[in-house]
Each structure stands twice: as structure tokens, then as C-alpha cells.
Amino acid sequence: MRENERQWLTLDLLKTTEKYFRDKKIDESRLHAEILLAHVLGVSRMDLYLNHNRPVYGSELEEFRSLCRERLKGRPLQYITGEQIFYGHPFTVDERVLIPRPETELVLEHAVERLATVGDAAKERNITILDIGTGSGCLAVTLALKLPGAHITAVDLSPGALEIASHNADRHGVSKKIRFLQADALNPGFPDDLGGNYDLILSNPPYIPEPEWEGLQPEVKEHEPKTALTTPDGFAFYHAITVSAAVLLRSRGILCFELHADGARKVSEIVRARGFEGIEVYKDYAELDRVLSGVWSG
Ligand SMILES: C[S@@+](CC[C@H](N)C(=O)[O-])C[C@H]1O[C@@H](n2cnc3c(N)ncnc32)[C@H](O)[C@@H]1O
């Protein structure tokens with residue numbers, strides 16, 4: 001603390017920062033102030049209130065101010081703290097991976113539900129799963145935690161993403177259950193190194209059409225990896241992954257995609273035309289079509 005500077009206490013600092021963030025048009029100003037201060041002090045948000053008179057000392061104050069400046073410049077909170085919660089589990093993130101979104105939790109739920117209804121229960125103990133475009137590994141790692149007998153392959157084109165995903169697998173103690181591979185899902189030779197007979201293939205692929213990129217919020221387009229989000233027309237990955245899935249899935253295996261909100265009709269056509277049946281579309285919390293699955297009839 002500089003001489004003559006006031007001694008900040010936790011609650012005063014939160015109130016002042018909340019007001020400052022609000023004046024600068026930062027959404028959820030109180031929550032963001034709490035998350036940043038809890039991160040700097042290494043405590044939970046609840047602890048901030050349990051110890052509301054705790055002094056915030058010089059170096060802590062400096063670090064907190066520096067993180068607040070990053071937030072004011074538009075850097076997403078999750079990249080500042082290096083963490084996002086997905087399905088109740090903490091995932092390490094940085095600018096090399098997409099920040100996992102709540103909608104993607106629905107992909108996981110729907111895929112597990114379909115496995116239970118379409119697959120046979122005995123097999124579920126040893127199912128094989130392929131996650132295409134794993135990013136932070138949020139789907140692969142959460143599936144490994146949720147389905148203890150599953151063997152999972154997680155692929156991504158980005159070496160940086162694979163580094164983070166495998167760190168997250170270590171962090172959650174499931175690295176022995178996940179094989180990480182660098183591969184290009186758009187390459188026609190994609191299935192060659194992946195084996196076969198998968199019970200489930202799931203993917204949250206890049207699906208934002210290039211022309212929509214400029215209209216995205218600055219927080220997304222200035223900080224999140226463009227290659228994780230866009231394709232020229234929005235459907236290249238659905239085409240390519242559906243073709244590969246027809247080779248890689250066992251008979252009655254399940255293909256499950258996250259969708260662009262306007263993509264359900266087109267992706268249904270792509271998947272049906274390849275020979276998938278039992279196609280189901282799930283809506284998200286905003287009542288938008290968000291998840292599609294189909295059963296391989298081959
Ligand atoms: C929308 S992100 C999904 C990340 C993560 N599964 C999630 O749901 O948060 C798409 C991922 O696909 C990866 N990707 C982009 N192009 C790819 C390609 N040609 N082959 C394989 N993965 C690719 C990106 O690096 C990114 O991690």
C-alpha cells in the first residue's frame with residue numbers, strides 16, 4: 001500500500017469495484033468483482049462475506065486492480081481467472097480454447113440419455129466414445145467422470161487445445177481413460193487413425209458462418225479462438241463428421257451434435273441422407289434448437 005492510501009477492507013472494496021464496473025457498463029458488476037477478488041485472495045465467494053472485514057493488503061490490492069483493468073479492457077472473466085465451471089466441474093481455460101458454454105452441457109446430457117435408451121445397458125460399462133473438436137476437453141473429461149467404464153478418444157486440430165484438454169484430464173484424474181489425438185476432422189483420411197466401432201461420437205464443431213463473425217460481441221471475437229468457432233458456410237463440419245461417423249460407429253451407435261440455433265433442419269437433412277435414423281432435436285434454455293442426435297443404421 002502506498003503511504004496515505006486507505007486500508008481497504010473486503011466488503012468496501014467489493015462495493016467500490018461494483019460501482020466502478022457498473023459505471024463502465026460491465027455486466028453483472030458485483031458478481032465479476034466478487035469472482036476477481038476471491039481469485040486474488042484464494043478464497044470462495046462465500047468466504048468474502050464471512051470475512052467481510054478482512055484487510056486487503058498491498059500486493060493483493062495491486063493484483064486485484066490489475067485484473068480489474070483487464071476486465072475493463074474486455075478480456076473475458078474466465079480467461080482472467082483461468083477457469084470455467086462445466087457441469088459442476090472446474091476446467092482450466094486460456095485463449096487457446098473456447099470457454100465452455102452452458103448449452104454444451106445439454107449435448108452431454110442428451111448423449112448420455114440416448115446411450116441409455118438406444119444402447120444396451122450391459123455394454124454401457126465399456127462403451128467407446130469419440131469427442132471431435134475437444135477444445136478444453138469439457139465433454140470428454142466430464143463423460144469420463146460420469147461413465148467410469150468408458151474409453152474415450154478426444155481429437156482436436158489445435159495442439160494448444162490438446163495441451164489444455166490433457167491438463168484438464170489430469171486435473172480430474174481421468175487421463176488414463178482418454179486418448180488425445182491431433183487430427184483434422186475435415187480431412188477425408190480423418191477416420192484412418194481412429195479405429196472404429198464407437199458407441200458414441202459427439203461434437204460441438206465450429207458452426208458460425210464466416211459472415212456472422214463480425215457481428216459477434218467484441219469479447220468473443222477479440223479473445224476467443226476464431227478457428228474454434230467459424231467455418232465458411234457453417235455446415236462443413238456437419239458434412240465431414242457425418243461421413244466419418246458412418247465409418248466409425250458400430251451398428252446402432254449414436255451421433256450427437258451441438259447446433260447453431262438455425263441449423264436443425266439442414267443438419268437433420270445431412271444426417272438423414274447418410275443413413276442415420278431416429279433423429280431427435282433438443283431445445284436449449286432459450287427454446288432454440290441446440291442438440292441433434294441420430295442412430296447409425298448400418
Ligand atoms: C466449438 S469448439 C468446441 C470445444 C469444446 N468441445 C466445447 O464444447 O467447449 C470447436 C473445437 O474444434 C476444433 N477444431 C477446429 N477445426 C478443426 C478441425 N479441422 N479438426 C478438428 N478439430 C477442429 C477447435 O480447435 C475447437 O477446439
# chains A, B, ... in the order shown; residues from 1 in each chain; ligands from 1
>>> closest_atom_pairs(of="chain A", to="ligand 1", cutoff="7 Å", atoms="only C-alpha atoms and all ligand atoms", output="tab-separated table")
residue	atom	partner	partner_atom_place_in_ligand_line	distance
A:Val97	CA	ligand 1	27 (O)	5.8
A:Leu98	CA	ligand 1	9 (O)	5.4
A:Ile99	CA	ligand 1	9 (O)	6.0
A:Pro100	CA	ligand 1	9 (O)	4.0
A:Arg101	CA	ligand 1	9 (O)	6.3
A:Thr104	CA	ligand 1	8 (O)	5.7
A:Ile132	CA	ligand 1	22 (N)	6.2
A:Gly133	CA	ligand 1	12 (O)	3.4
A:Thr134	CA	ligand 1	6 (N)	3.9
A:Gly135	CA	ligand 1	27 (O)	3.3
A:Ser136	CA	ligand 1	5 (C)	5.8
A:Gly137	CA	ligand 1	6 (N)	6.1
A:Cys138	CA	ligand 1	9 (O)	6.1
A:Leu139	CA	ligand 1	6 (N)	6.0
A:Val155	CA	ligand 1	21 (C)	6.3
A:Asp156	CA	ligand 1	22 (N)	3.8
A:Leu157	CA	ligand 1	21 (C)	4.1
A:Ser158	CA	ligand 1	25 (O)	4.8
A:Ala161	CA	ligand 1	27 (O)	5.9
A:Ala183	CA	ligand 1	21 (C)	5.7
A:Asp184	CA	ligand 1	20 (N)	3.6
A:Ala185	CA	ligand 1	20 (N)	3.8
A:Leu186	CA	ligand 1	19 (N)	5.0
A:Ser203	CA	ligand 1	6 (N)	6.5
A:Asn204	CA	ligand 1	3 (C)	4.9
A:Pro205	CA	ligand 1	10 (C)	4.5
A:Pro206	CA	ligand 1	1 (C)	4.6
A:Thr227	CA	ligand 1	15 (C)	5.2
A:Ala228	CA	ligand 1	26 (C)	3.8
A:Leu229	CA	ligand 1	1 (C)	5.1
>>> select_by_dssp(residues="segment 61-260 of chain A", states="strand (DSSP E)", output="number ranges by chain")
A: 83-86, 89-92, 128-132, 151-156, 178-182, 198-203, 208-209, 230-231, 249-258
>>> closest_residue(among="A:Leu14, A:Val107, A:Met46, A:Leu181", to="His32 of chain A", atoms="only C-alpha atoms")
A:Leu14
>>> residues_around(residues="Pro148 of chain A", least_positions_apart="2", cutoff="12 Å", atoms="only C-alpha atoms", output="ChimeraX atom specification")
/A:124-128,140-146,150-152,173-174,176-178
>>> write_last_selection(atoms="N, CA and C atoms", output="CSV table (one decimal), in the first residue's frame")
chain,number,residue,atom,x,y,z
A,124,GLU,N,-22.9,-50.6,-21.6
A,124,GLU,CA,-22.5,-49.2,-21.2
A,124,GLU,C,-21.3,-49.1,-20.3
A,125,ARG,N,-21.0,-50.3,-19.6
A,125,ARG,CA,-19.9,-50.2,-18.7
A,125,ARG,C,-18.6,-50.1,-19.5
A,126,ASN,N,-18.5,-50.5,-20.7
A,126,ASN,CA,-17.3,-50.5,-21.5
A,126,ASN,C,-17.5,-49.7,-22.8
A,127,ILE,N,-18.3,-48.7,-22.8
A,127,ILE,CA,-18.5,-48.0,-24.1
A,127,ILE,C,-17.3,-47.3,-24.6
A,128,THR,N,-17.3,-47.1,-25.9
A,128,THR,CA,-16.2,-46.3,-26.5
A,128,THR,C,-16.8,-45.0,-27.1
A,140,ALA,N,-15.2,-34.5,-23.1
A,140,ALA,CA,-14.5,-35.8,-22.9
A,140,ALA,C,-14.3,-36.1,-21.4
A,141,VAL,N,-13.8,-35.1,-20.7
A,141,VAL,CA,-13.5,-35.3,-19.2
A,141,VAL,C,-14.7,-35.5,-18.4
A,142,THR,N,-15.8,-34.7,-18.7
A,142,THR,CA,-17.0,-34.9,-17.9
A,142,THR,C,-17.6,-36.3,-18.2
A,143,LEU,N,-17.5,-36.7,-19.5
A,143,LEU,CA,-18.0,-38.1,-19.8
A,143,LEU,C,-17.2,-39.1,-19.0
A,144,ALA,N,-15.9,-38.9,-19.0
A,144,ALA,CA,-15.1,-39.9,-18.3
A,144,ALA,C,-15.4,-40.0,-16.8
A,145,LEU,N,-15.8,-38.8,-16.2
A,145,LEU,CA,-16.2,-38.8,-14.8
A,145,LEU,C,-17.6,-39.4,-14.6
A,146,LYS,N,-18.5,-39.2,-15.6
A,146,LYS,CA,-19.8,-39.6,-15.4
A,146,LYS,C,-20.0,-41.1,-15.8
A,150,ALA,N,-16.1,-45.9,-19.4
A,150,ALA,CA,-16.0,-45.5,-20.8
A,150,ALA,C,-14.5,-45.4,-21.2
A,151,HIS,N,-14.2,-45.7,-22.5
A,151,HIS,CA,-12.9,-45.4,-23.1
A,151,HIS,C,-13.1,-44.3,-24.1
A,152,ILE,N,-12.4,-43.2,-24.0
A,152,ILE,CA,-12.7,-42.0,-24.8
A,152,ILE,C,-11.5,-41.6,-25.6
A,173,GLY,N,-8.2,-36.5,-12.8
A,173,GLY,CA,-7.8,-37.9,-12.5
A,173,GLY,C,-8.3,-38.9,-13.5
A,174,VAL,N,-8.6,-38.4,-14.8
A,174,VAL,CA,-9.1,-39.4,-15.8
A,174,VAL,C,-8.2,-39.5,-17.0
A,176,LYS,N,-6.0,-41.5,-17.8
A,176,LYS,CA,-5.8,-42.9,-18.2
A,176,LYS,C,-7.0,-43.4,-19.1
A,177,LYS,N,-8.1,-42.7,-19.0
A,177,LYS,CA,-9.3,-43.1,-19.7
A,177,LYS,C,-9.5,-42.4,-21.0
A,178,ILE,N,-8.6,-41.4,-21.3
A,178,ILE,CA,-8.8,-40.6,-22.5
A,178,ILE,C,-7.5,-40.6,-23.3
>>> closest_residue(among="A:Ala261, A:Leu255, A:Leu248, A:Val243", to="Tyr207 of chain A", atoms="only C-alpha atoms")
A:Ala261
>>> atom_distance(atom1="atom CA of Glu224 of chain A", atom2="atom CA of Gly74 of chain A")
11.6 Å
>>> residues_around(residues="Arg290 of chain A", least_positions_apart="5", cutoff="6 Å", atoms="only C-alpha atoms", output="list in words")
Glu258, Leu259, Ala261, Tyr282, Lys283 and Asp284 of chain A
>>> closest_residue(among="A:Phe257, A:Thr153, A:His167, A:Glu28", to="Asp193 of chain A", atoms="only C-alpha atoms")
A:Thr153
>>> atom_distance(atom1="atom CA of Ile254 of chain A", atom2="atom CA of Gly149 of chain A")
17.4 Å
>>> residues_around(residues="Arg75 of chain A", least_positions_apart="5", cutoff="9 Å", atoms="only C-alpha atoms", output="compact mmCIF listing (two decimals) with C-alpha atoms, in the first residue's frame")
# COMPACT_ATOMS: atom_id res chain seq x y z
CA GLU A 70 -8.00 -6.46 -17.83
CA ILE A 80 -8.52 -13.76 -16.45
CA GLU A 219 -15.49 -10.21 -26.00
CA GLU A 222 -11.34 -10.29 -29.86
CA HIS A 223 -10.45 -13.03 -27.38
>>> atom_distance(atom1="atom CA of Cys68 of chain A", atom2="atom CA of Glu103 of chain A")
27.4 Å
>>> closest_residue(among="A:Glu60, A:Asp27, A:Glu212, A:Asp131", to="Gly42 of chain A", atoms="only C-alpha atoms")
A:Glu60
>>> residues_around(residues="Asn197 of chain A", least_positions_apart="4", cutoff="10 Å", atoms="only C-alpha atoms", output="ChimeraX atom specification")
/A:127-129,245,247-251,253
>>> write_last_selection(atoms="N, CA and C atoms", output="PDB file, in the first residue's frame")
ATOM      1  N   ILE A 127     -18.280 -48.706 -22.845  1.00  0.00           N
ATOM      2  CA  ILE A 127     -18.541 -48.029 -24.109  1.00  0.00           C
ATOM      3  C   ILE A 127     -17.315 -47.254 -24.610  1.00  0.00           C
ATOM      4  N   THR A 128     -17.296 -47.063 -25.930  1.00  0.00           N
ATOM      5  CA  THR A 128     -16.227 -46.267 -26.529  1.00  0.00           C
ATOM      6  C   THR A 128     -16.847 -44.999 -27.114  1.00  0.00           C
ATOM      7  N   ILE A 129     -16.130 -43.899 -26.877  1.00  0.00           N
ATOM      8  CA  ILE A 129     -16.671 -42.581 -27.232  1.00  0.00           C
ATOM      9  C   ILE A 129     -15.606 -41.787 -27.983  1.00  0.00           C
ATOM     10  N   ALA A 245     -18.547 -40.497 -39.305  1.00  0.00           N
ATOM     11  CA  ALA A 245     -19.284 -41.254 -38.285  1.00  0.00           C
ATOM     12  C   ALA A 245     -19.875 -42.533 -38.874  1.00  0.00           C
ATOM     13  N   VAL A 247     -18.541 -44.396 -40.889  1.00  0.00           N
ATOM     14  CA  VAL A 247     -17.455 -45.389 -40.949  1.00  0.00           C
ATOM     15  C   VAL A 247     -17.067 -45.841 -39.531  1.00  0.00           C
ATOM     16  N   LEU A 248     -17.113 -44.899 -38.595  1.00  0.00           N
ATOM     17  CA  LEU A 248     -16.518 -45.149 -37.276  1.00  0.00           C
ATOM     18  C   LEU A 248     -17.481 -45.731 -36.236  1.00  0.00           C
ATOM     19  N   LEU A 249     -18.786 -45.563 -36.452  1.00  0.00           N
ATOM     20  CA  LEU A 249     -19.741 -46.030 -35.433  1.00  0.00           C
ATOM     21  C   LEU A 249     -20.058 -47.509 -35.627  1.00  0.00           C
ATOM     22  N   ARG A 250     -20.351 -48.177 -34.534  1.00  0.00           N
ATOM     23  CA  ARG A 250     -20.892 -49.533 -34.650  1.00  0.00           C
ATOM     24  C   ARG A 250     -22.363 -49.411 -35.060  1.00  0.00           C
ATOM     25  N   SER A 251     -22.955 -50.519 -35.469  1.00  0.00           N
ATOM     26  CA  SER A 251     -24.377 -50.509 -35.792  1.00  0.00           C
ATOM     27  C   SER A 251     -25.151 -50.099 -34.532  1.00  0.00           C
ATOM     28  N   GLY A 253     -24.916 -47.285 -33.162  1.00  0.00           N
ATOM     29  CA  GLY A 253     -24.142 -46.273 -32.437  1.00  0.00           C
ATOM     30  C   GLY A 253     -24.801 -44.894 -32.622  1.00  0.00           C
TER      31      GLY A 253
END
>>> select_by_dssp(residues="segment 104-265 of chain A", states="alpha helix (DSSP H)", output="ChimeraX atom specification")
/A:104-118,138-146,159-171,218-221,236-248,264-265
>>> closest_residue(among="A:Tyr198, A:Phe276, A:Phe235, A:Tyr57", to="Glu210 of chain A", atoms="only C-alpha atoms")
A:Phe235
>>> closest_residue(among="A:Glu269, A:Lys73, A:Phe237, A:Asn187", to="Ile26 of chain A", atoms="only C-alpha atoms")
A:Lys73
>>> residues_around(residues="Glu280 of chain A", least_positions_apart="4", cutoff="10 Å", atoms="only C-alpha atoms", output="PyMOL selection string")
chain A and resi 110+114+256+264+268+291-295
